[in-house]
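Remarks on the structure that follows.
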Amino acid sequence: MLILPAIDLRGGRVVRLLHGRFDAETLYGDDPLAQARAFVAAGAQWIHAVDLDGAKEGAVRQTAMLGALAGVARVQAGGGIRTRGDVAALIDAGVARVVVGSTAVADPSSVRTWLAEFGPDAITLALDVSTAGAEPQVLTRGGQEGSGVSLWDALAVYPAGSFRHLLVTDIARDGAMGGPNVALIAGIVARCPDLLPQASGGVATLADLAACRAAGAAATIVGRALYEGAFTLEDALAC
């Protein structure tokens, strides 16, 4: 299982949001490149970067910074991806894997076309979900709006083999360090064995990482736990 340390960008700064709320921001630094270099020095192979300005506004805002991060490490990045041009711009900037979120639900036809053009390893589908109901429901616009679509229905419009990488965030756990939703990951593994799911939201301990791995996660994204010193990246990678 890969560990992907997270760098969330807002106004060129490193921040974390609580439950995806833009009014619940914690600032962790003004130098994203220095943070990326620190993660690489600790052994990170990948960095997960999010353009929060783009996610909020629905248009990529920080392409230059995401490209600069891609000069430090392999980067999976997104935020505000709405068009083929957005995908191409990030790939041209050096991003190894582009994260497509709300558009994967709002315009699956276009996203299927992008997957066919750029390849299943160049794009990660990222779905924020609420697990308050009987089935996980997809949220859009950075986890701020309901889509009326269940996670399973959202995935069903993509034929088997058309994509590989799926990032799912239980928004109620995002940034809260209350433990990951391992049952959600296990459910994805059981229903969609061809996918490589990435766990996101709630990681607080090394035991949480072990639980994600046991549930079948191919990768786990870690943010606030690293910034708050709950454990080191070195320990996470060793785990």
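Within each chain, counting starts at residue 1; across the structure tokens, chains are named A, B, ... in the order shown, with ligands numbered 1 upward in that order.
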Tell me, counting only C-alpha atoms, for each residue of segment 31-77 of chain A within 6 Å of segment 3-17 of chain A, which pair of atoms is nearest and how far apart they are in Å to one decimal, in rows ordered by chain and increasing number, as a tab-separated table.
```
residue	atom	partner	partner_atom	distance
A:Pro32	CA	A:Val14	CA	5.9
A:Trp46	CA	A:Leu4	CA	5.6
A:Ile47	CA	A:Leu4	CA	5.2
A:His48	CA	A:Ala6	CA	4.7
A:Ala49	CA	A:Ile7	CA	4.8
A:Val50	CA	A:Asp8	CA	4.8
A:Asp51	CA	A:Leu9	CA	5.1
A:Leu52	CA	A:Arg10	CA	5.4
A:Asp53	CA	A:Arg10	CA	5.6
```
Next on the checklist: Please list as number ranges by chain every residue within 12 Å of Ala204 of chain A, counting only C-alpha atoms and excluding residues in the same chain fewer than 3 positions away.
Outcome noted: A: 173-181, 200-201, 207-212, 220-232, 236
Just-selected residues, N, CA, C and O atoms written as a CSV table (one decimal), in the first residue's frame:
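Output saved as result.csv:
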```
chain,number,residue,atom,x,y,z
A,173,ARG,N,-15.4,12.4,7.8
A,173,ARG,CA,-14.1,12.1,8.5
A,173,ARG,C,-12.9,12.9,8.0
A,173,ARG,O,-11.9,12.9,8.6
A,174,ASP,N,-13.1,13.6,7.0
A,174,ASP,CA,-12.0,14.4,6.3
A,174,ASP,C,-11.5,15.4,7.3
A,174,ASP,O,-12.2,16.3,7.8
A,175,GLY,N,-10.2,15.3,7.6
A,175,GLY,CA,-9.5,16.3,8.4
A,175,GLY,C,-9.8,16.2,9.9
A,175,GLY,O,-9.4,17.0,10.7
A,176,ALA,N,-10.6,15.1,10.3
A,176,ALA,CA,-11.1,15.1,11.6
A,176,ALA,C,-10.2,14.1,12.5
A,176,ALA,O,-10.4,14.1,13.7
A,177,MET,N,-9.4,13.3,11.9
A,177,MET,CA,-8.5,12.4,12.6
A,177,MET,C,-9.4,11.5,13.6
A,177,MET,O,-8.9,11.2,14.7
A,178,GLY,N,-10.5,11.0,13.1
A,178,GLY,CA,-11.4,10.2,13.9
A,178,GLY,C,-11.4,8.7,13.5
A,178,GLY,O,-12.2,7.9,13.9
A,179,GLY,N,-10.4,8.4,12.6
A,179,GLY,CA,-10.4,7.0,12.1
A,179,GLY,C,-11.0,7.0,10.7
A,179,GLY,O,-12.0,7.6,10.4
A,180,PRO,N,-10.4,6.2,9.8
A,180,PRO,CA,-10.9,6.1,8.4
A,180,PRO,C,-12.1,5.1,8.3
A,180,PRO,O,-12.3,4.3,9.2
A,181,ASN,N,-12.8,5.3,7.2
A,181,ASN,CA,-14.0,4.4,7.0
A,181,ASN,C,-13.5,3.2,6.3
A,181,ASN,O,-13.6,3.0,5.0
A,200,SER,N,-9.1,7.9,2.0
A,200,SER,CA,-8.9,9.3,2.4
A,200,SER,C,-9.9,9.7,3.5
A,200,SER,O,-11.1,9.4,3.3
A,201,GLY,N,-9.3,10.3,4.5
A,201,GLY,CA,-10.2,10.9,5.5
A,201,GLY,C,-10.2,10.1,6.8
A,201,GLY,O,-10.5,9.0,6.9
A,207,ALA,N,-2.1,2.4,13.4
A,207,ALA,CA,-3.1,1.3,13.3
A,207,ALA,C,-4.2,1.6,12.2
A,207,ALA,O,-4.7,0.6,11.6
A,208,ASP,N,-4.5,2.8,12.0
A,208,ASP,CA,-5.5,3.2,11.0
A,208,ASP,C,-4.9,2.8,9.6
A,208,ASP,O,-5.6,2.3,8.7
A,209,LEU,N,-3.6,3.1,9.4
A,209,LEU,CA,-3.0,2.7,8.2
A,209,LEU,C,-3.0,1.2,8.0
A,209,LEU,O,-3.3,0.7,6.9
A,210,ALA,N,-2.7,0.4,9.0
A,210,ALA,CA,-2.8,-1.0,8.9
A,210,ALA,C,-4.2,-1.5,8.6
A,210,ALA,O,-4.4,-2.4,7.8
A,211,ALA,N,-5.2,-0.8,9.1
A,211,ALA,CA,-6.6,-1.2,8.9
A,211,ALA,C,-7.0,-0.9,7.4
A,211,ALA,O,-7.7,-1.7,6.8
A,212,CYS,N,-6.5,0.2,6.9
A,212,CYS,CA,-6.7,0.5,5.5
A,212,CYS,C,-6.1,-0.5,4.6
A,212,CYS,O,-6.7,-1.0,3.6
A,220,THR,N,-3.2,5.1,0.7
A,220,THR,CA,-3.9,5.9,1.7
A,220,THR,C,-3.3,7.3,1.7
A,220,THR,O,-2.1,7.4,1.7
A,221,ILE,N,-4.2,8.2,1.7
A,221,ILE,CA,-3.8,9.6,1.7
A,221,ILE,C,-3.8,10.1,3.2
A,221,ILE,O,-4.7,9.9,3.9
A,222,VAL,N,-2.7,10.7,3.6
A,222,VAL,CA,-2.5,11.2,5.0
A,222,VAL,C,-2.2,12.7,5.0
A,222,VAL,O,-1.3,13.1,4.3
A,223,GLY,N,-3.0,13.4,5.7
A,223,GLY,CA,-2.8,14.8,5.8
A,223,GLY,C,-2.6,15.4,7.2
A,223,GLY,O,-1.5,15.4,7.7
A,224,ARG,N,-3.7,15.7,7.9
A,224,ARG,CA,-3.6,16.3,9.2
A,224,ARG,C,-2.8,15.6,10.2
A,224,ARG,O,-2.0,16.2,11.0
A,225,ALA,N,-2.8,14.2,10.1
A,225,ALA,CA,-2.1,13.4,11.1
A,225,ALA,C,-0.6,13.7,11.0
A,225,ALA,O,0.1,13.7,12.0
A,226,LEU,N,-0.1,13.9,9.8
A,226,LEU,CA,1.3,14.3,9.6
A,226,LEU,C,1.6,15.7,10.1
A,226,LEU,O,2.6,15.9,10.8
A,227,TYR,N,0.7,16.6,9.7
A,227,TYR,CA,1.0,18.0,10.1
A,227,TYR,C,0.9,18.2,11.6
A,227,TYR,O,1.5,19.1,12.2
A,228,GLU,N,0.0,17.4,12.3
A,228,GLU,CA,-0.2,17.6,13.7
A,228,GLU,C,0.8,16.7,14.5
A,228,GLU,O,0.8,16.8,15.7
A,229,GLY,N,1.6,15.9,13.8
A,229,GLY,CA,2.6,15.1,14.5
A,229,GLY,C,2.1,13.9,15.2
A,229,GLY,O,2.8,13.4,16.1
A,230,ALA,N,1.0,13.4,14.7
A,230,ALA,CA,0.5,12.1,15.3
A,230,ALA,C,1.4,11.0,15.1
A,230,ALA,O,1.5,10.1,15.9
A,231,PHE,N,2.1,11.0,14.0
A,231,PHE,CA,3.2,10.1,13.6
A,231,PHE,C,4.0,10.7,12.5
A,231,PHE,O,3.6,11.7,11.9
A,232,THR,N,5.2,10.1,12.3
A,232,THR,CA,6.0,10.6,11.2
A,232,THR,C,5.7,9.9,9.9
A,232,THR,O,5.2,8.8,9.9
A,236,ALA,N,5.0,6.0,9.0
A,236,ALA,CA,3.9,5.5,8.2
A,236,ALA,C,4.4,4.7,7.1
A,236,ALA,O,3.8,3.6,6.8
```
Next on the checklist: Among segment 17-185 of chain A, which residues does DSSP mark as helix (DSSP H, G or I) when it is run on the backbone? Keep the chain and numbering as in the structure and answer as an MDAnalysis selection string.
Outcome noted: chainID A and resid 32:41 52:57 63:70 84:93 102:106 108:118 151:156 182:185
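For the pair atom CA of Ala44 of chain A and atom CA of Ala219 of chain A, the separation is 12.3 Å.
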Next on the checklist: List as a list in words the protein and nucleic acid residues near Ala93 of chain A, meaning an atom at most 9 Å away when only C-alpha atoms are counted, but skip any in the same chain fewer than 5 places from it.
Outcome noted: Thr63, Ala64, Leu66, Gly67, Ala68, Ala70 and Ala88 of chain A
Save the residues we just selected, C-alpha atoms, as a PDB file, in the first residue's frame?
```pdb
ATOM      1  CA  THR A  63      -1.488  24.933 -12.348  1.00  0.00           C
ATOM      2  CA  ALA A  64       1.931  26.551 -11.996  1.00  0.00           C
ATOM      3  CA  LEU A  66       1.100  21.941  -9.125  1.00  0.00           C
ATOM      4  CA  GLY A  67       3.666  21.783 -11.914  1.00  0.00           C
ATOM      5  CA  ALA A  68       6.376  23.001  -9.560  1.00  0.00           C
ATOM      6  CA  ALA A  70       5.695  17.758  -9.907  1.00  0.00           C
ATOM      7  CA  ALA A  88      -4.022  18.194 -20.574  1.00  0.00           C
TER       8      ALA A  88
END
```
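Rounded to one decimal, atom CA of Val60 of chain A and atom CA of Thr124 of chain A lie 16.0 Å from each other.
Among the candidates A:Met1, A:Leu206, A:Val157, A:Ala215, the one nearest to Leu184 of chain A when counting only C-alpha atoms is A:Ala215.
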Checklist entry - Counting only C-alpha atoms, what is within 10 Å of Asp170 of chain A, bar same-chain residues fewer than 4 positions away, as a list in words? => result His19, Gly20, Leu127, Asp128, Val129, Ser130, Thr131, Ala132, Pro136, Gln137, Val138, Leu139, Gly143, Asp174, Pro180, Asn181, Leu184, Ala199, Ser200, Gly201 and Gly202 of chain A
Those same residues - C-alpha atoms - I'd like them written as a compact mmCIF listing (two decimals), in the first residue's frame.
```txt
# COMPACT_ATOMS: atom_id res chain seq x y z
CA HIS A 19 -15.01 18.08 6.81
CA GLY A 20 -14.22 19.80 3.52
CA LEU A 127 -15.57 10.90 -5.16
CA ASP A 128 -16.43 12.61 -1.88
CA VAL A 129 -19.24 10.76 -0.15
CA SER A 130 -21.64 11.06 2.75
CA THR A 131 -22.26 7.80 4.56
CA ALA A 132 -25.15 9.08 6.68
CA PRO A 136 -22.89 6.21 0.37
CA GLN A 137 -24.05 9.31 -1.51
CA VAL A 138 -21.72 11.31 -3.75
CA LEU A 139 -21.08 14.96 -2.90
CA GLY A 143 -17.89 17.94 -0.72
CA ASP A 174 -12.04 14.37 6.33
CA PRO A 180 -10.87 6.05 8.39
CA ASN A 181 -13.98 4.40 7.00
CA LEU A 184 -16.31 1.73 2.81
CA ALA A 199 -8.52 5.67 1.24
CA SER A 200 -8.86 9.26 2.40
CA GLY A 201 -10.21 10.90 5.51
CA GLY A 202 -9.77 10.29 9.21
```
Next on the checklist: DSSP on the backbone: which residues in segment 5-115 of chain A end up as strand (DSSP E or B)? Give the answer as an NGL selection string.
Outcome noted: :A and (5-10 or 13-18 or 21-29 or 46-51 or 74-78 or 97-100)
Next on the checklist: Could you list, as a ChimeraX atom specification, every residue within 8 Å of segment 94-103 of chain A, counting only C-alpha atoms and ignoring same-chain residues fewer than 4 positions away?
Outcome noted: /A:66-67,70-71,74-82,87,90,107-108,111,121-128,139-142
Checklist entry - Nearest to Leu115 of chain A: which of A:Ala154, A:Ser162, A:Thr83, A:Ala36 is it, counting only C-alpha atoms? => result A:Ser162
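Atom CA of Leu195 of chain A sits 4.8 Å away from atom CA of Arg164 of chain A.
Distances here use only C-alpha atoms; by that measure, the residue among A:Arg213, A:Tyr158, A:Ala89, A:Ala172 closest to Cys192 of chain A is A:Tyr158.
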